[in-house]
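Down below is the structure, laid out as structure tokens.
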Amino acid sequence: MAVPKQKQSHSRTAKRRAQHKMAAPVYNACPTCHEPRRPHRVCASCGSYKGSEVVAPHAHDQRQAAQPGRAPLPQAAYDQAALDHDHDR
Ligand SMILES: [Zn+2]
């Protein structure tokens with residue numbers, strides 16, 4: 001079995017672990033209904049993906065109703081989505 005030649009210092013371990021951190025979830029505005037939506041996912045409010053409806057709207061609402069402990073989207077997600085789309089189209 002391969003064995004390390006030298007002990008890894010606490011400093012080197014700490015420098016590696018300094019990169020271990022959580023990232024805030026990203027939300028974009030749905031191009032169809034402008035509700036906040038995770039990128040590369042079907043929109044939960046209108047059920048569209050890439051401009052076409054792929055699931056019935058509010059199918060996710062029914063699923064979330066079955067999970068009463070599930071938290072709603074943070075207000076920051078709505079704020080970001082409001083800044084994220086333009087009205088020119
Ligand atoms: Zn939508």
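Letters A, B, ... mark the chains of the structure tokens in the order given; residue numbers begin at 1 per chain; ligand numbers begin at 1, in order shown.
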
- Please provide as a ChimeraX atom specification all residues within 6 Å of Tyr78 of chain A, with the sequence filter that same-chain residues fewer than 3 positions apart are discarded (counting only C-alpha atoms). /A:36,75,81

Just to be explicit: take each residue in the selection above, keep N, CA and C atoms, and write the result as a PDB file, in the first residue's frame.
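The resulting file, out22.pdb, is shown below:
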ATOM      1  N   PRO A  36     -39.284  33.282 -10.480  1.00  0.00           N
ATOM      2  CA  PRO A  36     -37.949  32.727 -10.245  1.00  0.00           C
ATOM      3  C   PRO A  36     -37.932  31.219 -10.469  1.00  0.00           C
ATOM      4  N   GLN A  75     -37.218  35.477  -0.424  1.00  0.00           N
ATOM      5  CA  GLN A  75     -37.598  36.722  -1.096  1.00  0.00           C
ATOM      6  C   GLN A  75     -36.496  37.189  -2.039  1.00  0.00           C
ATOM      7  N   ALA A  81     -35.020  37.702  -9.681  1.00  0.00           N
ATOM      8  CA  ALA A  81     -35.755  37.406 -10.894  1.00  0.00           C
ATOM      9  C   ALA A  81     -36.358  38.669 -11.494  1.00  0.00           C
TER      10      ALA A  81
END

- Expected answer as a list of chain:residue names: residues within 7 Å of ligand 1, only C-alpha atoms and all ligand atoms: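 Taking only C-alpha atoms and all ligand atoms into account, the residues around ligand 1 at most 7 Å away are A:Cys30, A:Pro31, A:Thr32, A:Cys33, A:His34, A:Glu35, A:Cys43, A:Ala44, A:Ser45, A:Cys46, A:Gly47, A:Ser48.
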
- Note on the structure: Expressed in Å, the length from atom CA of Ala24 of chain A to atom CA of Ala77 of chain A is 10.4 Å

- Task: Check the DSSP output for the backbone and give back, as a PyMOL selection string, the residues of segment 1-54 of chain A in strand (DSSP E).
- Result: chain A and resi 28-29+36-37+48-49+52-53

- Task: To one decimal in Å, tell me the separation between atom CA of Val42 of chain A and atom CA of Asn28 of chain A.
- Result: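 Separation between atom CA of Val42 of chain A and atom CA of Asn28 of chain A: 11.8 Å.
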
- Between A:Ala23, A:Ala2, A:Ala18, A:Ala29, which one has atoms that come closest to Gln80 of chain A, using only C-alpha atoms?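 Distance minimum relative to Gln80 of chain A lands on A:Ala29.
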
- Message: Just checking: using only C-alpha atoms, which residue out of A:Val54, A:Leu73, A:Met1, A:Ala14 ends up closest to Arg37 of chain A?
- Response: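 The shortest atom-to-atom distance to Arg37 of chain A comes from A:Leu73.
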
- Item | Distance in Å - atom CA of Pro39 of chain A versus atom CA of Arg17 of chain A |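 Computed distance, atom CA of Pro39 of chain A to atom CA of Arg17 of chain A, equals 27.8 Å.
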